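First the structure, in the form of structure tokens, and then the observations on it.
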Amino acid sequence: MSASLATVSYIGATILFILSLGGLSNPETSRRGNWYGIIGMAIAVVATVFGPRVTAGGIPWIIIAMTIGASVGLYAAKKVKMTQMPELVALM
């Protein structure tokens, strides 16, 4: 991926993150806001992994780090009760 395409991807992801925050502020639009955040994060991850500064040797390290982070997050999310969710978000 070229540097220009990576930059455009980051700008698009940033716009989606801002829309996500706006959507999450209202219960009626929270589902759409959540989707904006998911899509924005997916774009940012793809732009980072396939960006111009990542070599082929760095991709396994990125995958390992993402797997460890996802495992810890999944474990914590399954153990926390809904009333403790703000604390979990603050911890992560």
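To be explicit about the labels: the chains of the structure tokens are called A, B, and onward in the order shown, and within each one the residues are counted from 1, while ligands get numbers from 1 in the order they are shown.
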Excluding same-chain residues fewer than 3 positions from Leu24 of chain A, what lies within 6 Å of it counting only C-alpha atoms, as a compact mmCIF listing (two decimals) with N, CA and C atoms, in the first residue's frame?
# COMPACT_ATOMS: atom_id res chain seq x y z
N LEU A 21 -18.36 8.37 17.87
CA LEU A 21 -18.58 9.05 19.15
C LEU A 21 -19.90 9.80 19.15
N SER A 30 -27.07 4.46 18.72
CA SER A 30 -25.87 3.78 19.24
C SER A 30 -25.45 2.59 18.39
N GLY A 33 -23.57 4.01 15.53
CA GLY A 33 -22.30 4.51 16.04
C GLY A 33 -21.31 3.40 16.30
Legend entry - 12 Å contact set for Ala76 of chain A, only C-alpha atoms, chain neighbours under 5 positions out, as a PyMOL selection string: chain A and resi 69-71+81-82+84-85+87-89+91-92
Saved selection, atoms kept: N, CA and C atoms, as an mmCIF file, in the first residue's frame:
data_model
loop_
_atom_site.group_PDB
_atom_site.id
_atom_site.type_symbol
_atom_site.label_atom_id
_atom_site.label_comp_id
_atom_site.auth_asym_id
_atom_site.auth_seq_id
_atom_site.Cartn_x
_atom_site.Cartn_y
_atom_site.Cartn_z
ATOM 1 N N GLY A 69 -3.690 -9.719 22.593
ATOM 2 C CA GLY A 69 -4.611 -8.677 23.038
ATOM 3 C C GLY A 69 -6.066 -9.109 22.962
ATOM 4 N N ALA A 70 -6.425 -9.792 21.884
ATOM 5 C CA ALA A 70 -7.803 -10.272 21.742
ATOM 6 C C ALA A 70 -8.124 -11.323 22.791
ATOM 7 N N SER A 71 -7.167 -12.185 23.102
ATOM 8 C CA SER A 71 -7.393 -13.223 24.114
ATOM 9 C C SER A 71 -7.609 -12.610 25.493
ATOM 10 N N LYS A 81 -19.121 -8.550 34.954
ATOM 11 C CA LYS A 81 -20.574 -8.374 34.939
ATOM 12 C C LYS A 81 -20.903 -7.046 34.267
ATOM 13 N N MET A 82 -22.126 -6.932 33.783
ATOM 14 C CA MET A 82 -22.528 -5.711 33.080
ATOM 15 C C MET A 82 -22.405 -4.466 33.959
ATOM 16 N N GLN A 84 -20.097 -3.853 35.951
ATOM 17 C CA GLN A 84 -18.679 -3.500 36.047
ATOM 18 C C GLN A 84 -18.096 -3.072 34.701
ATOM 19 N N MET A 85 -18.933 -2.937 33.688
ATOM 20 C CA MET A 85 -18.461 -2.616 32.344
ATOM 21 C C MET A 85 -17.697 -1.290 32.272
ATOM 22 N N GLU A 87 -15.740 0.010 34.443
ATOM 23 C CA GLU A 87 -14.405 -0.254 34.963
ATOM 24 C C GLU A 87 -13.566 -1.032 33.954
ATOM 25 N N LEU A 88 -14.198 -1.977 33.240
ATOM 26 C CA LEU A 88 -13.477 -2.748 32.225
ATOM 27 C C LEU A 88 -13.011 -1.842 31.092
ATOM 28 N N VAL A 89 -13.884 -0.954 30.652
ATOM 29 C CA VAL A 89 -13.517 -0.035 29.577
ATOM 30 C C VAL A 89 -12.375 0.868 30.029
ATOM 31 N N LEU A 91 -10.138 0.143 32.260
ATOM 32 C CA LEU A 91 -8.942 -0.680 32.405
ATOM 33 C C LEU A 91 -8.279 -0.934 31.065
ATOM 34 N N MET A 92 -9.087 -1.197 30.049
ATOM 35 C CA MET A 92 -8.541 -1.513 28.727
ATOM 36 C C MET A 92 -7.996 -0.267 28.085
#
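The shortest atom-to-atom distance to Ile15 of chain A, with only C-alpha atoms taken into account, belongs to A:Tyr36 out of A:Ala3, A:Tyr36, A:Val54, A:Ala42.
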Inset, instruction - Fewer than 6 positions away in the same chain doesn't count, so skip those; otherwise give me all residues within 9 Å of segment 49-53 of chain A, counting only C-alpha atoms, as a ChimeraX atom specification. - result: /A:1-3,5-6,59,62
Inset, instruction - Please run DSSP on the backbone and report, as an MDAnalysis selection string, all residues within chain A that come out as alpha helix (DSSP H). - result: chainID A and resid 3:24 30:49 59:79 85:91
C-alpha atoms of the current selection, written as a PDB file, in the first residue's frame:
ATOM      1  CA  ALA A   3       1.885   6.141   1.658  1.00  0.00           C
ATOM      2  CA  SER A   4      -0.858   8.249   0.060  1.00  0.00           C
ATOM      3  CA  LEU A   5      -3.413   5.450   0.285  1.00  0.00           C
ATOM      4  CA  ALA A   6      -2.439   4.796   3.907  1.00  0.00           C
ATOM      5  CA  THR A   7      -2.918   8.486   4.720  1.00  0.00           C
ATOM      6  CA  VAL A   8      -6.346   8.566   3.062  1.00  0.00           C
ATOM      7  CA  SER A   9      -7.279   5.396   4.972  1.00  0.00           C
ATOM      8  CA  TYR A  10      -6.265   6.976   8.282  1.00  0.00           C
ATOM      9  CA  ILE A  11      -8.289  10.105   7.505  1.00  0.00           C
ATOM     10  CA  GLY A  12     -11.325   7.967   6.649  1.00  0.00           C
ATOM     11  CA  ALA A  13     -10.893   5.961   9.847  1.00  0.00           C
ATOM     12  CA  THR A  14     -10.640   9.192  11.848  1.00  0.00           C
ATOM     13  CA  ILE A  15     -13.885  10.482  10.357  1.00  0.00           C
ATOM     14  CA  LEU A  16     -15.599   7.189  11.201  1.00  0.00           C
ATOM     15  CA  PHE A  17     -14.293   7.371  14.792  1.00  0.00           C
ATOM     16  CA  ILE A  18     -15.719  10.878  15.169  1.00  0.00           C
ATOM     17  CA  LEU A  19     -19.061   9.720  13.741  1.00  0.00           C
ATOM     18  CA  SER A  20     -18.922   6.779  16.129  1.00  0.00           C
ATOM     19  CA  LEU A  21     -18.579   9.048  19.150  1.00  0.00           C
ATOM     20  CA  GLY A  22     -21.495  11.129  17.934  1.00  0.00           C
ATOM     21  CA  GLY A  23     -23.620   8.042  17.369  1.00  0.00           C
ATOM     22  CA  LEU A  24     -22.841   6.552  20.760  1.00  0.00           C
ATOM     23  CA  SER A  30     -25.875   3.785  19.240  1.00  0.00           C
ATOM     24  CA  ARG A  31     -26.036   0.725  16.966  1.00  0.00           C
ATOM     25  CA  ARG A  32     -25.004   2.810  13.959  1.00  0.00           C
ATOM     26  CA  GLY A  33     -22.298   4.511  16.036  1.00  0.00           C
ATOM     27  CA  ASN A  34     -20.946   1.135  17.046  1.00  0.00           C
ATOM     28  CA  TRP A  35     -20.734   0.065  13.398  1.00  0.00           C
ATOM     29  CA  TYR A  36     -18.905   3.277  12.482  1.00  0.00           C
ATOM     30  CA  GLY A  37     -16.332   2.473  15.161  1.00  0.00           C
ATOM     31  CA  ILE A  38     -15.934  -1.137  14.017  1.00  0.00           C
ATOM     32  CA  ILE A  39     -15.457  -0.154  10.374  1.00  0.00           C
ATOM     33  CA  GLY A  40     -13.087   2.683  11.306  1.00  0.00           C
ATOM     34  CA  MET A  41     -10.938   0.359  13.391  1.00  0.00           C
ATOM     35  CA  ALA A  42     -10.876  -2.273  10.639  1.00  0.00           C
ATOM     36  CA  ILE A  43      -9.706   0.337   8.127  1.00  0.00           C
ATOM     37  CA  ALA A  44      -7.025   1.586  10.524  1.00  0.00           C
ATOM     38  CA  VAL A  45      -5.739  -1.940  11.226  1.00  0.00           C
ATOM     39  CA  VAL A  46      -5.591  -2.846   7.529  1.00  0.00           C
ATOM     40  CA  ALA A  47      -3.841   0.440   6.695  1.00  0.00           C
ATOM     41  CA  THR A  48      -1.295  -0.194   9.444  1.00  0.00           C
ATOM     42  CA  VAL A  49      -0.609  -3.853   8.663  1.00  0.00           C
ATOM     43  CA  ILE A  59       3.460  -9.088  10.038  1.00  0.00           C
ATOM     44  CA  PRO A  60       3.843 -12.223  12.235  1.00  0.00           C
ATOM     45  CA  TRP A  61       4.672  -9.992  15.215  1.00  0.00           C
ATOM     46  CA  ILE A  62       1.568  -7.904  14.572  1.00  0.00           C
ATOM     47  CA  ILE A  63      -0.592 -11.035  14.356  1.00  0.00           C
ATOM     48  CA  ILE A  64       0.904 -12.418  17.590  1.00  0.00           C
ATOM     49  CA  ALA A  65       0.300  -9.127  19.423  1.00  0.00           C
ATOM     50  CA  MET A  66      -3.285  -8.901  18.133  1.00  0.00           C
ATOM     51  CA  THR A  67      -3.963 -12.507  19.185  1.00  0.00           C
ATOM     52  CA  ILE A  68      -2.634 -11.912  22.699  1.00  0.00           C
ATOM     53  CA  GLY A  69      -4.611  -8.677  23.038  1.00  0.00           C
ATOM     54  CA  ALA A  70      -7.803 -10.272  21.742  1.00  0.00           C
ATOM     55  CA  SER A  71      -7.393 -13.223  24.114  1.00  0.00           C
ATOM     56  CA  VAL A  72      -6.913 -10.999  27.155  1.00  0.00           C
ATOM     57  CA  GLY A  73      -9.844  -8.781  26.116  1.00  0.00           C
ATOM     58  CA  LEU A  74     -12.138 -11.740  25.467  1.00  0.00           C
ATOM     59  CA  TYR A  75     -11.269 -13.332  28.813  1.00  0.00           C
ATOM     60  CA  ALA A  76     -11.852 -10.061  30.674  1.00  0.00           C
ATOM     61  CA  ALA A  77     -15.116  -9.384  28.841  1.00  0.00           C
ATOM     62  CA  LYS A  78     -16.508 -12.812  29.724  1.00  0.00           C
ATOM     63  CA  LYS A  79     -15.586 -12.490  33.416  1.00  0.00           C
ATOM     64  CA  MET A  85     -18.461  -2.616  32.344  1.00  0.00           C
ATOM     65  CA  PRO A  86     -17.324   1.020  32.889  1.00  0.00           C
ATOM     66  CA  GLU A  87     -14.405  -0.254  34.963  1.00  0.00           C
ATOM     67  CA  LEU A  88     -13.477  -2.748  32.225  1.00  0.00           C
ATOM     68  CA  VAL A  89     -13.517  -0.035  29.577  1.00  0.00           C
ATOM     69  CA  ALA A  90     -11.359   2.192  31.780  1.00  0.00           C
ATOM     70  CA  LEU A  91      -8.942  -0.680  32.405  1.00  0.00           C
TER      71      LEU A  91
END
